[in-house]
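*Asks:* Have a peek at query10.pdb (PDB, C-alpha atoms, pLDDT in the B column).
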```
ATOM      1  CA  MET M   1       0.000   0.000   0.000  1.00 45.00           C
ATOM      2  CA  PRO M   2       1.579   3.316  -1.016  1.00 51.00           C
ATOM      3  CA  HIS M   3       1.787   5.960   1.640  1.00 51.00           C
ATOM      4  CA  PRO M   4       0.373   9.417   0.945  1.00 51.00           C
ATOM      5  CA  HIS M   5       2.888  12.118   0.146  1.00 51.00           C
ATOM      6  CA  ARG M   6       1.773  14.458   2.913  1.00 52.00           C
ATOM      7  CA  THR M   7       4.261  15.995   5.262  1.00 55.00           C
ATOM      8  CA  TRP M   8       3.656  16.950   8.846  1.00 63.00           C
ATOM      9  CA  HIS M   9       5.852  19.446  10.579  1.00 67.00           C
ATOM     10  CA  PRO M  10       7.618  17.546  13.396  1.00 67.00           C
ATOM     11  CA  LYS M  11       7.079  20.382  15.866  1.00 73.00           C
ATOM     12  CA  LYS M  12       3.317  20.263  15.252  1.00 84.00           C
ATOM     13  CA  LEU M  13       3.056  16.477  15.428  1.00 90.00           C
ATOM     14  CA  ALA M  14       5.124  16.024  18.605  1.00 90.00           C
ATOM     15  CA  ASN M  15       2.909  15.940  21.716  1.00 94.00           C
ATOM     16  CA  SER M  16      -0.252  16.031  19.603  1.00 94.00           C
ATOM     17  CA  LYS M  17      -3.336  14.205  20.875  1.00 96.00           C
ATOM     18  CA  TRP M  18      -5.279  11.558  18.977  1.00 96.00           C
ATOM     19  CA  THR M  19      -8.447   9.522  19.518  1.00 97.00           C
ATOM     20  CA  ALA M  20      -8.783   5.958  18.270  1.00 97.00           C
ATOM     21  CA  VAL M  21     -12.011   5.538  16.308  1.00 96.00           C
ATOM     22  CA  LEU M  22     -12.244   1.863  17.312  1.00 95.00           C
ATOM     23  CA  PRO M  23     -10.691   1.628  20.801  1.00 95.00           C
ATOM     24  CA  GLN M  24      -9.191  -1.664  21.878  1.00 93.00           C
ATOM     25  CA  GLN M  25      -8.524  -2.690  25.479  1.00 93.00           C
ATOM     26  CA  ARG M  26     -10.195   0.561  26.621  1.00 93.00           C
ATOM     27  CA  GLU M  27      -7.355   2.542  24.996  1.00 95.00           C
ATOM     28  CA  LYS M  28      -9.039   5.455  23.272  1.00 97.00           C
ATOM     29  CA  HIS M  29      -6.843   8.506  23.868  1.00 98.00           C
ATOM     30  CA  PHE M  30      -3.232   8.701  22.710  1.00 97.00           C
ATOM     31  CA  MET M  31      -0.407  11.219  22.641  1.00 97.00           C
ATOM     32  CA  VAL M  32       2.502  11.365  20.210  1.00 97.00           C
ATOM     33  CA  VAL M  33       5.573  10.979  22.423  1.00 97.00           C
ATOM     34  CA  ALA M  34       8.256  10.571  19.733  1.00 96.00           C
ATOM     35  CA  VAL M  35       8.661  11.571  16.108  1.00 93.00           C
ATOM     36  CA  GLU M  36      11.322   9.938  13.939  1.00 93.00           C
ATOM     37  CA  ALA M  37      12.413  12.180  11.075  1.00 87.00           C
ATOM     38  CA  ASP M  38      14.356  11.249   7.969  1.00 86.00           C
ATOM     39  CA  ALA M  39      18.121  11.369   8.495  1.00 89.00           C
ATOM     40  CA  GLU M  40      18.660  13.484   5.360  1.00 91.00           C
ATOM     41  CA  ASP M  41      15.658  15.797   5.698  1.00 86.00           C
ATOM     42  CA  ALA M  42      14.451  16.608   9.217  1.00 80.00           C
ATOM     43  CA  GLN M  43      11.150  17.902   7.816  1.00 80.00           C
ATOM     44  CA  LEU M  44      10.168  14.449   6.482  1.00 84.00           C
ATOM     45  CA  ILE M  45       8.664  12.221   9.129  1.00 87.00           C
ATOM     46  CA  LYS M  46       9.169   8.455   8.966  1.00 90.00           C
ATOM     47  CA  GLN M  47       7.214   7.208  11.968  1.00 94.00           C
ATOM     48  CA  VAL M  48       5.669   8.254  15.247  1.00 95.00           C
ATOM     49  CA  THR M  49       5.408   6.628  18.662  1.00 97.00           C
ATOM     50  CA  LEU M  50       2.065   6.865  20.417  1.00 97.00           C
ATOM     51  CA  GLU M  51       1.419   6.407  24.119  1.00 98.00           C
ATOM     52  CA  ALA M  52      -1.977   5.301  25.409  1.00 98.00           C
ATOM     53  CA  VAL M  53      -3.114   7.691  28.128  1.00 97.00           C
ATOM     54  CA  LEU M  54      -4.855   4.969  30.124  1.00 96.00           C
ATOM     55  CA  SER M  55      -2.250   2.197  30.096  1.00 96.00           C
ATOM     56  CA  LYS M  56       0.948   4.105  29.141  1.00 97.00           C
ATOM     57  CA  ARG M  57       1.561   1.435  26.477  1.00 97.00           C
ATOM     58  CA  HIS M  58       3.751   2.593  23.566  1.00 97.00           C
ATOM     59  CA  PHE M  59       3.632   1.559  19.941  1.00 94.00           C
ATOM     60  CA  THR M  60       5.208   2.864  16.769  1.00 97.00           C
ATOM     61  CA  LEU M  61       3.510   3.301  13.411  1.00 95.00           C
ATOM     62  CA  HIS M  62       4.065   5.023  10.088  1.00 92.00           C
ATOM     63  CA  TRP M  63       3.000   8.671  10.280  1.00 88.00           C
ATOM     64  CA  SER M  64       0.485   8.246   7.446  1.00 87.00           C
ATOM     65  CA  ALA M  65      -1.652   5.926   9.594  1.00 92.00           C
ATOM     66  CA  LEU M  66      -2.771   9.028  11.518  1.00 91.00           C
ATOM     67  CA  ALA M  67      -4.228  10.448   8.303  1.00 88.00           C
ATOM     68  CA  ASP M  68      -6.698   7.528   8.096  1.00 91.00           C
ATOM     69  CA  THR M  69      -9.918   8.961   9.549  1.00 91.00           C
ATOM     70  CA  ARG M  70     -11.348   5.432   9.816  1.00 95.00           C
ATOM     71  CA  GLN M  71      -8.750   4.750  12.531  1.00 95.00           C
ATOM     72  CA  TRP M  72      -7.721   8.100  14.047  1.00 94.00           C
ATOM     73  CA  GLN M  73      -9.221  11.494  14.809  1.00 93.00           C
ATOM     74  CA  PRO M  74      -7.063  14.450  15.855  1.00 91.00           C
ATOM     75  CA  GLY M  75      -7.587  15.680  19.400  1.00 92.00           C
ATOM     76  CA  TRP M  76      -9.341  13.945  22.261  1.00 92.00           C
ATOM     77  CA  LEU M  77     -13.021  13.411  21.572  1.00 85.00           C
TER      78      LEU M  77
END
```
What would the structure in this file look like if it were written as structure tokens?

*Replies:*
Amino acid sequence: MPHPHRTWHPKKLANSKWTAVLPQQREKHFMVVAVEADAEDAQLIKQVTLEAVLSKRHFTLHWSALADTRQWQPGWL
């Protein structure tokens, strides 16, 4: 599956809040705790690490997964 060619500014994405559309294990609210940028271009984001607010569990995913409105909504709803 090709990833969209959309860029997020790392300073805007870091510490941003997200809501899972289909929560699992009661984990609904997440915060971006780490942003991995491209080694050659710091403006291009490779992946992000999310932390579940409830359980403090971390997981890493490609940044474009956050653009999928079927899975994620920006902010805490």

*Asks:* Please provide as a ChimeraX atom specification all residues within 12 Å of Ser55 (chain M), with the sequence filter that same-chain residues fewer than 6 positions apart are discarded (counting only C-alpha atoms).

*Replies:* /M:24-31

*Asks:* If I take CA of Arg57 (chain M) and CA of Val35 (chain M), how far is one from the other in Å, to one decimal?

*Replies:*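 Atom-to-atom, CA of Arg57 (chain M) and CA of Val35 (chain M) are spaced 16.1 Å apart.
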
*Asks:* With distances taken over all atoms listed in the file, which residue among M:Leu54, M:Leu44, M:Val33, M:Leu13 lies nearest Leu66 (chain M)?

*Replies:*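 Closest to Leu66 (chain M), using all atoms listed in the file: M:Leu13.
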
*Asks:* Given the file above and the PyMOL selection byres ((chain M and resi 59) around 10), which residues are selected, and can you give them as a count of residues only?

*Replies:* 12

*Asks:* Grab the CA of Ala42 (chain M) to CA of Ser16 (chain M) distance for me, in Å with one decimal place.

*Replies:*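 Straight-line distance from CA of Ala42 (chain M) to CA of Ser16 (chain M) works out to 18.0 Å.
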
*Asks:* Restricting the calculation to all atoms listed in the file, which member of M:Gln71, M:Val21, M:Ala34, M:Trp63 is positioned closest to Lys46 (chain M)?

*Replies:*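 Between M:Gln71, M:Val21, M:Ala34, M:Trp63, the residue approaching Lys46 (chain M) most closely is M:Trp63.
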
*Asks:* Taking all atoms of region 16-26 of chain M that appear in the file, build a box with edges along x, y and z, extend it by 3 Å on every side, and state its centre and edge lengths in Å to one decimal, as JSON.

*Replies:*
```
{"center_x": -6.2, "center_y": 6.7, "center_z": 21.5, "size_x": 18.0, "size_y": 24.7, "size_z": 16.3}
```

*Asks:* Taking all atoms listed in the file into account, which of M:Trp18, M:Glu36, M:Gly75, M:Gln47 comes nearest His62 (chain M)?

*Replies:* M:Gln47

*Asks:* Do you have the CA of Lys11 (chain M)-CA of Ala65 (chain M) distance handy?

*Replies:* 18.0 Å
